Amino acid sequence: MLDAAQSPPATGEEDALWQAMSVAGSADSAGQAWLALQCSMIDGASRGVLVLGPPDSGPYVPVSVWPPGQTATPLLAEVAGNALAQRRPVILKQRPHSVVASPVMVDGHLHGLVAIESSAQQESRLQQQLTQLRWGSGGLEAILRRDQSQDEQMTRERLIATLDMVASALAEDGFQAAAQALATDLAIRLDCDRVSIGFLRERNTHVVAVSHSAEFGERMNLIRAIGTAMDEALDQKSIIVLPARGDETLVTRDHAALARQFGSDSVLTVPFAVGELTSGAFSFERPGTRPFDPDTVELCQAVVALGCRILEARRLNERLLVARIKDAAEAELRKFIGPRHFGRKLAASVLMLLAVFFSFATGEHRVAANATLEGAVRRVLVAPFDGYVATATHRAGDVVAAATVLATLDDRDLRLEYYKWTSQRSQYAKQYQEAMAQHDRAQSNITLSQVQQADAQMNLLAEQLSRTQIAAPFAGIVVSGDLHQSLGSAVRRGQVLFEVAPLNAYRVILEVDESDITAVRADQKGSLSLTSIPDEVFPLTVTHVTPVAVAREGRSYFRVEALLGQTSNRLRPGMEGVAKVEAGRARLIWIWTHKFVDWLRLTLWAWF
């Protein structure tokens with residue numbers, strides 16, 4: 001039997017408990033009545049505890065104990081802990097008391113636990129007690145859902161109110177207009193005498209907007225007092241409410257001075273930070289009859305958290321370019337010398353070390369230029385007379401030996417002409433003999449001249465007949481010329497038919513950019529890498545620098561000639577590649593940056 005202090009409540013008491021549970025404002029306040037009802041329905045109940053906390057995460061703490069004023073026994077606490085850890089009902093049967101514990105689950109989430117200690121020892125009675133707790137948990141679940149619904153409703157209302165108040169700032173384009181509109185709208189909606197907005201500049205807070213005041217001077221006593229109060233909140237990095245709450249230990253001297261001088265006994269200052277640094281504060285003022293309650297403080301925090309970012313964006317957009325550059329530089333400097341940002345600091349340190357190293361380290365300065373391979377000698381074979389192509393045995397790209405016939409010209413017309421003059425000479429010789437027999441000196445001189453003329457024509461034709469074969473003057477490669485598709489076509493005297501270059505002597509033509517030509521001189525060494533033979537590098541020596549520039553593709557190039565130090569049977573005239581001329585040793589940092597520095601220097605000189 002239970003004693004009088006632990007006896008189940010009477011019917012009148014049950015009605016009072018039901019009434020208390022229905023009108024309770026929260027789950028914690030309703031928990032005591034609910035637990036008392038559960039214990040009244042369980043025969044032999046001697047002690048009970050209700051544990052609640054944030055869903056799934058905890059911590060879970062006792063919100064009510066029955067009988068009131070008592071504490072949970074070690075046995076009750078042990079079973080409650082096991083049930084929370086296992087997230088399932090637990091029954092522990094001992095003498096003289098047994099414990100039944102059941103988790104409180106809402107939508108699969110653990111909100112807490114209820115445990116009852118009783119004198120029951122039979123398994124059936126303990127199962128009945130567990131069933132009673134499970135059925136009774138439905139009422140507690142309803143209370144928890146009601147609290148959750150109220151919290152969500154308050155959150156929605158606070159969000160709607162926040163968006164409504166911040167909408168006034170979004171409607172303005174400029175920073176000053178947006179700040180003024182936001183301060184005035186907050187004062188109207190929150191029933192405040194005055195709302196002020198301040199931003200931190202250097203080390204002090206400057207008030208930028210005051211509700212219902214389009215213009216104000218920074219030297220006004222009111223503005224100075226508000227700015228000082230904002231500095232007080234920013235220095236402590238905390239919200240300051242006046243009158244102060246009993247559990248707060250913040251310094252409120254400047255807030256008290258503001259309230260005393262200007263009659264607003266209730267003052268709320270909410271500092272804000274955009275990014276990592278504190279940027280300013282909002283100040284709300286009311287008469288002493290309307291203090292700031294916790295719900296209003298939370299609403300003001302929500303408005304400030306959203307409104308400050310809008311105002312900061314407006315303020316940053318209106319800054320001068322110099323100010324933007326200064327702020328960006330300061331932000332980067334803070335990242336380098338401040339906490340965190342280890343990767344950025346490491347990268348900067350590595351770059352600094354590399355810059356120092358390459359500023360003192362030296363290397364070979366090489367001038368790179370596009371290069372073309374040409375034969376040291378290039379013999380041109382032309383048509384010796386007007387005629388027609390008879391045969392063509394070679395073309396461009398063929399390697400030929402000395403005296404190899406490349407093509408022949410048709411000699412039929414020349415031979416007919418030669419026969420004609422042979423006949424004419426015979427006639428002139430006969431006439432000359434007749435004139436000599438008749439002792440006609442004048443006629444003999446005329447016919448002698450005609451004989452000599454015929455001899456000259458025959459010699460000319462014989463020389464032309466000997467040149468009908470176009471032969472290679474030396475062993476080499478045919479660089480240009482292809483008459484295979486021009487057989488029978490006419491050629492004129494002096495027309496280029498073939499070009500032949502030797503295979504054992506080459507020169508390299510370099511196109512050096514005008515910015516590098518001053519570093520190139522005769523007798524400098526270098527190397528050549530050809531596109532068609534990238535696996536082999538050929539040494540070269542500069543022989544001549546042409547002082548004439550050639551413009552191409554918007555840039556000027558100088559022609560530089562060089563001779564190869566070695567040859568290969570893989571080389572062919574016309575090959576292209578890249579040549580590098582050694583121009584002496586210099587600092588690596590200069591080698592890599594001198595072109596950009598020269599361009600920048602020339603550009604600045606042209607501007608200024």
# chains A, B, ... in the order shown; residues from 1 in each chain; ligands from 1
$ closest_atom_pairs --of "stretch 347-446 of chain A" --to "stretch 498-508 of chain A" --cutoff "12 Å" --atoms "only C-alpha atoms" --output "CSV"
residue,atom,partner,partner_atom,distance
A:Ala369,CA,A:Val508,CA,11.2
A:Asn370,CA,A:Val508,CA,10.1
A:Ala371,CA,A:Val508,CA,6.5
A:Thr372,CA,A:Val508,CA,5.8
A:Leu373,CA,A:Val508,CA,4.8
A:Glu374,CA,A:Arg507,CA,5.4
A:Gly375,CA,A:Tyr506,CA,4.3
A:Ala376,CA,A:Tyr506,CA,4.5
A:Val377,CA,A:Ala501,CA,5.8
A:Arg378,CA,A:Ala501,CA,4.7
A:Arg379,CA,A:Val500,CA,5.2
A:Val380,CA,A:Glu499,CA,4.6
A:Leu381,CA,A:Phe498,CA,5.0
A:Val382,CA,A:Phe498,CA,7.0
A:Ala383,CA,A:Phe498,CA,9.4
A:Ala392,CA,A:Phe498,CA,11.0
A:Thr393,CA,A:Phe498,CA,12.0
A:His394,CA,A:Phe498,CA,9.6
A:Arg395,CA,A:Phe498,CA,8.1
A:Ala396,CA,A:Phe498,CA,7.8
A:Gly397,CA,A:Val500,CA,9.5
A:Asp398,CA,A:Val500,CA,9.7
A:Val399,CA,A:Leu503,CA,8.7
A:Val400,CA,A:Val500,CA,9.0
A:Ala401,CA,A:Pro502,CA,10.0
A:Ala402,CA,A:Pro502,CA,10.2
A:Ala403,CA,A:Val500,CA,11.8
A:Thr404,CA,A:Val500,CA,11.4
A:Val405,CA,A:Phe498,CA,11.4
A:Leu406,CA,A:Phe498,CA,8.4
A:Ala407,CA,A:Phe498,CA,9.4
$ closest_residue --among "A:Thr518, A:Thr408, A:Ser444, A:Thr531" --to "A:Val491" --atoms "only C-alpha atoms"
A:Thr408
$ select_by_dssp --residues "stretch 392-481 of chain A" --states "alpha helix (DSSP H)" --output "PyMOL selection string"
chain A and resi 412-437+441-466
$ write_last_selection --atoms "N, CA and C atoms" --output "compact mmCIF listing (two decimals), in the first residue's frame"
# COMPACT_ATOMS: atom_id res chain seq x y z
N ARG A 412 65.11 20.57 -133.38
CA ARG A 412 64.88 20.41 -134.81
C ARG A 412 64.97 21.73 -135.54
N ASP A 413 64.40 22.77 -135.04
CA ASP A 413 64.48 24.08 -135.69
C ASP A 413 65.90 24.58 -135.75
N LEU A 414 66.66 24.33 -134.66
CA LEU A 414 68.05 24.77 -134.66
C LEU A 414 68.87 24.02 -135.71
N ARG A 415 68.63 22.71 -135.85
CA ARG A 415 69.38 21.93 -136.83
C ARG A 415 69.05 22.38 -138.25
N LEU A 416 67.78 22.63 -138.53
CA LEU A 416 67.41 23.14 -139.87
C LEU A 416 68.08 24.47 -140.14
N GLU A 417 68.11 25.32 -139.12
CA GLU A 417 68.77 26.61 -139.29
C GLU A 417 70.26 26.41 -139.52
N TYR A 418 70.83 25.43 -138.76
CA TYR A 418 72.26 25.17 -138.93
C TYR A 418 72.55 24.67 -140.37
N TYR A 419 71.71 23.76 -140.89
CA TYR A 419 71.90 23.27 -142.26
C TYR A 419 71.74 24.39 -143.28
N LYS A 420 70.83 25.29 -142.99
CA LYS A 420 70.61 26.41 -143.91
C LYS A 420 71.87 27.26 -144.02
N TRP A 421 72.47 27.60 -142.90
CA TRP A 421 73.67 28.44 -142.94
C TRP A 421 74.87 27.67 -143.48
N THR A 422 74.84 26.34 -143.34
CA THR A 422 75.93 25.55 -143.96
C THR A 422 75.87 25.67 -145.47
N SER A 423 74.66 25.59 -146.01
CA SER A 423 74.48 25.74 -147.45
C SER A 423 74.84 27.14 -147.91
N GLN A 424 74.44 28.12 -147.15
CA GLN A 424 74.76 29.51 -147.51
C GLN A 424 76.26 29.72 -147.53
N ARG A 425 76.98 29.12 -146.59
CA ARG A 425 78.43 29.34 -146.56
C ARG A 425 79.09 28.73 -147.78
N SER A 426 78.55 27.56 -148.21
CA SER A 426 79.14 26.94 -149.41
C SER A 426 78.96 27.87 -150.61
N GLN A 427 77.82 28.48 -150.72
CA GLN A 427 77.56 29.39 -151.83
C GLN A 427 78.48 30.61 -151.74
N TYR A 428 78.61 31.18 -150.56
CA TYR A 428 79.46 32.37 -150.41
C TYR A 428 80.91 32.03 -150.68
N ALA A 429 81.34 30.78 -150.32
CA ALA A 429 82.73 30.40 -150.58
C ALA A 429 82.99 30.26 -152.08
N LYS A 430 82.03 29.71 -152.82
CA LYS A 430 82.18 29.57 -154.27
C LYS A 430 82.23 30.94 -154.93
N GLN A 431 81.39 31.87 -154.49
CA GLN A 431 81.39 33.23 -155.06
C GLN A 431 82.70 33.93 -154.75
N TYR A 432 83.25 33.66 -153.59
CA TYR A 432 84.53 34.28 -153.23
C TYR A 432 85.65 33.78 -154.13
N GLN A 433 85.66 32.47 -154.45
CA GLN A 433 86.69 31.92 -155.33
C GLN A 433 86.57 32.50 -156.74
N GLU A 434 85.33 32.66 -157.25
CA GLU A 434 85.13 33.24 -158.57
C GLU A 434 85.61 34.68 -158.61
N ALA A 435 85.34 35.44 -157.57
CA ALA A 435 85.78 36.84 -157.52
C ALA A 435 87.29 36.92 -157.47
N MET A 436 87.94 36.03 -156.77
CA MET A 436 89.39 36.02 -156.72
C MET A 436 89.98 35.64 -158.07
N ALA A 437 89.28 34.71 -158.82
CA ALA A 437 89.79 34.32 -160.14
C ALA A 437 89.67 35.47 -161.11
N ARG A 441 88.46 42.71 -156.73
CA ARG A 441 88.75 42.89 -155.31
C ARG A 441 87.50 43.28 -154.51
N ALA A 442 86.68 44.12 -155.04
CA ALA A 442 85.49 44.59 -154.30
C ALA A 442 84.53 43.43 -154.05
N GLN A 443 84.32 42.63 -155.07
CA GLN A 443 83.37 41.52 -154.90
C GLN A 443 83.94 40.46 -153.99
N SER A 444 85.24 40.27 -154.05
CA SER A 444 85.83 39.27 -153.17
C SER A 444 85.71 39.69 -151.71
N ASN A 445 85.86 40.97 -151.41
CA ASN A 445 85.70 41.43 -150.02
C ASN A 445 84.27 41.22 -149.53
N ILE A 446 83.30 41.48 -150.42
CA ILE A 446 81.89 41.30 -150.02
C ILE A 446 81.60 39.84 -149.73
N THR A 447 82.02 38.98 -150.64
CA THR A 447 81.71 37.56 -150.43
C THR A 447 82.48 37.00 -149.24
N LEU A 448 83.69 37.52 -148.95
CA LEU A 448 84.43 37.06 -147.77
C LEU A 448 83.68 37.41 -146.50
N SER A 449 83.10 38.61 -146.47
CA SER A 449 82.31 39.00 -145.29
C SER A 449 81.09 38.11 -145.12
N GLN A 450 80.48 37.74 -146.23
CA GLN A 450 79.32 36.86 -146.15
C GLN A 450 79.71 35.46 -145.64
N VAL A 451 80.92 34.99 -146.06
CA VAL A 451 81.38 33.70 -145.56
C VAL A 451 81.61 33.77 -144.05
N GLN A 452 82.22 34.86 -143.59
CA GLN A 452 82.46 35.01 -142.14
C GLN A 452 81.13 35.10 -141.35
N GLN A 453 80.15 35.77 -141.97
CA GLN A 453 78.83 35.86 -141.32
C GLN A 453 78.21 34.47 -141.17
N ALA A 454 78.31 33.67 -142.22
CA ALA A 454 77.75 32.34 -142.18
C ALA A 454 78.47 31.49 -141.13
N ASP A 455 79.81 31.66 -141.00
CA ASP A 455 80.55 30.92 -139.97
C ASP A 455 80.07 31.31 -138.56
N ALA A 456 79.82 32.61 -138.37
CA ALA A 456 79.36 33.07 -137.04
C ALA A 456 77.98 32.49 -136.70
N GLN A 457 77.10 32.46 -137.68
CA GLN A 457 75.78 31.91 -137.44
C GLN A 457 75.87 30.42 -137.14
N MET A 458 76.73 29.70 -137.85
CA MET A 458 76.88 28.28 -137.60
C MET A 458 77.45 28.01 -136.21
N ASN A 459 78.44 28.85 -135.79
CA ASN A 459 78.99 28.68 -134.44
C ASN A 459 77.92 28.94 -133.37
N LEU A 460 77.08 29.97 -133.63
CA LEU A 460 76.02 30.28 -132.66
C LEU A 460 75.03 29.13 -132.57
N LEU A 461 74.64 28.61 -133.70
CA LEU A 461 73.69 27.50 -133.69
C LEU A 461 74.29 26.25 -133.07
N ALA A 462 75.59 26.01 -133.31
CA ALA A 462 76.24 24.85 -132.70
C ALA A 462 76.26 24.99 -131.17
N GLU A 463 76.54 26.23 -130.70
CA GLU A 463 76.54 26.44 -129.25
C GLU A 463 75.15 26.21 -128.67
N GLN A 464 74.11 26.69 -129.35
CA GLN A 464 72.74 26.48 -128.89
C GLN A 464 72.37 25.01 -128.91
N LEU A 465 72.82 24.28 -129.90
CA LEU A 465 72.53 22.85 -129.96
C LEU A 465 73.20 22.11 -128.80
N SER A 466 74.35 22.61 -128.34
CA SER A 466 75.01 21.95 -127.22
C SER A 466 74.31 22.22 -125.90
$ residues_around --residues "A:Ala101" --least-positions-apart "6" --cutoff "12 Å" --atoms "only C-alpha atoms" --output "MDAnalysis selection string"
chainID A and resid 47:51 75:93 112:118 126:127 129:134 137
$ residues_around --residues "A:Ser529" --least-positions-apart "2" --cutoff "7 Å" --atoms "only C-alpha atoms" --output "list of chain:residue names"
A:Ser527, A:Thr531, A:Pro534, A:Glu536, A:Val537, A:Phe538, A:Gly577, A:Val578, A:Ala579
$ atom_distance --atom1 "atom CA of A:Gly108" --atom2 "atom CA of A:Cys39"
25.2 Å
$ atom_distance --atom1 "atom CA of A:Ile470" --atom2 "atom CA of A:Gln485"
16.7 Å
$ atom_distance --atom1 "atom CA of A:Thr184" --atom2 "atom CA of A:Glu172"
13.1 Å
$ closest_residue --among "A:Ala30, A:Cys308, A:Leu316, A:Ala583" --to "A:Glu364" --atoms "only C-alpha atoms"
A:Ala583
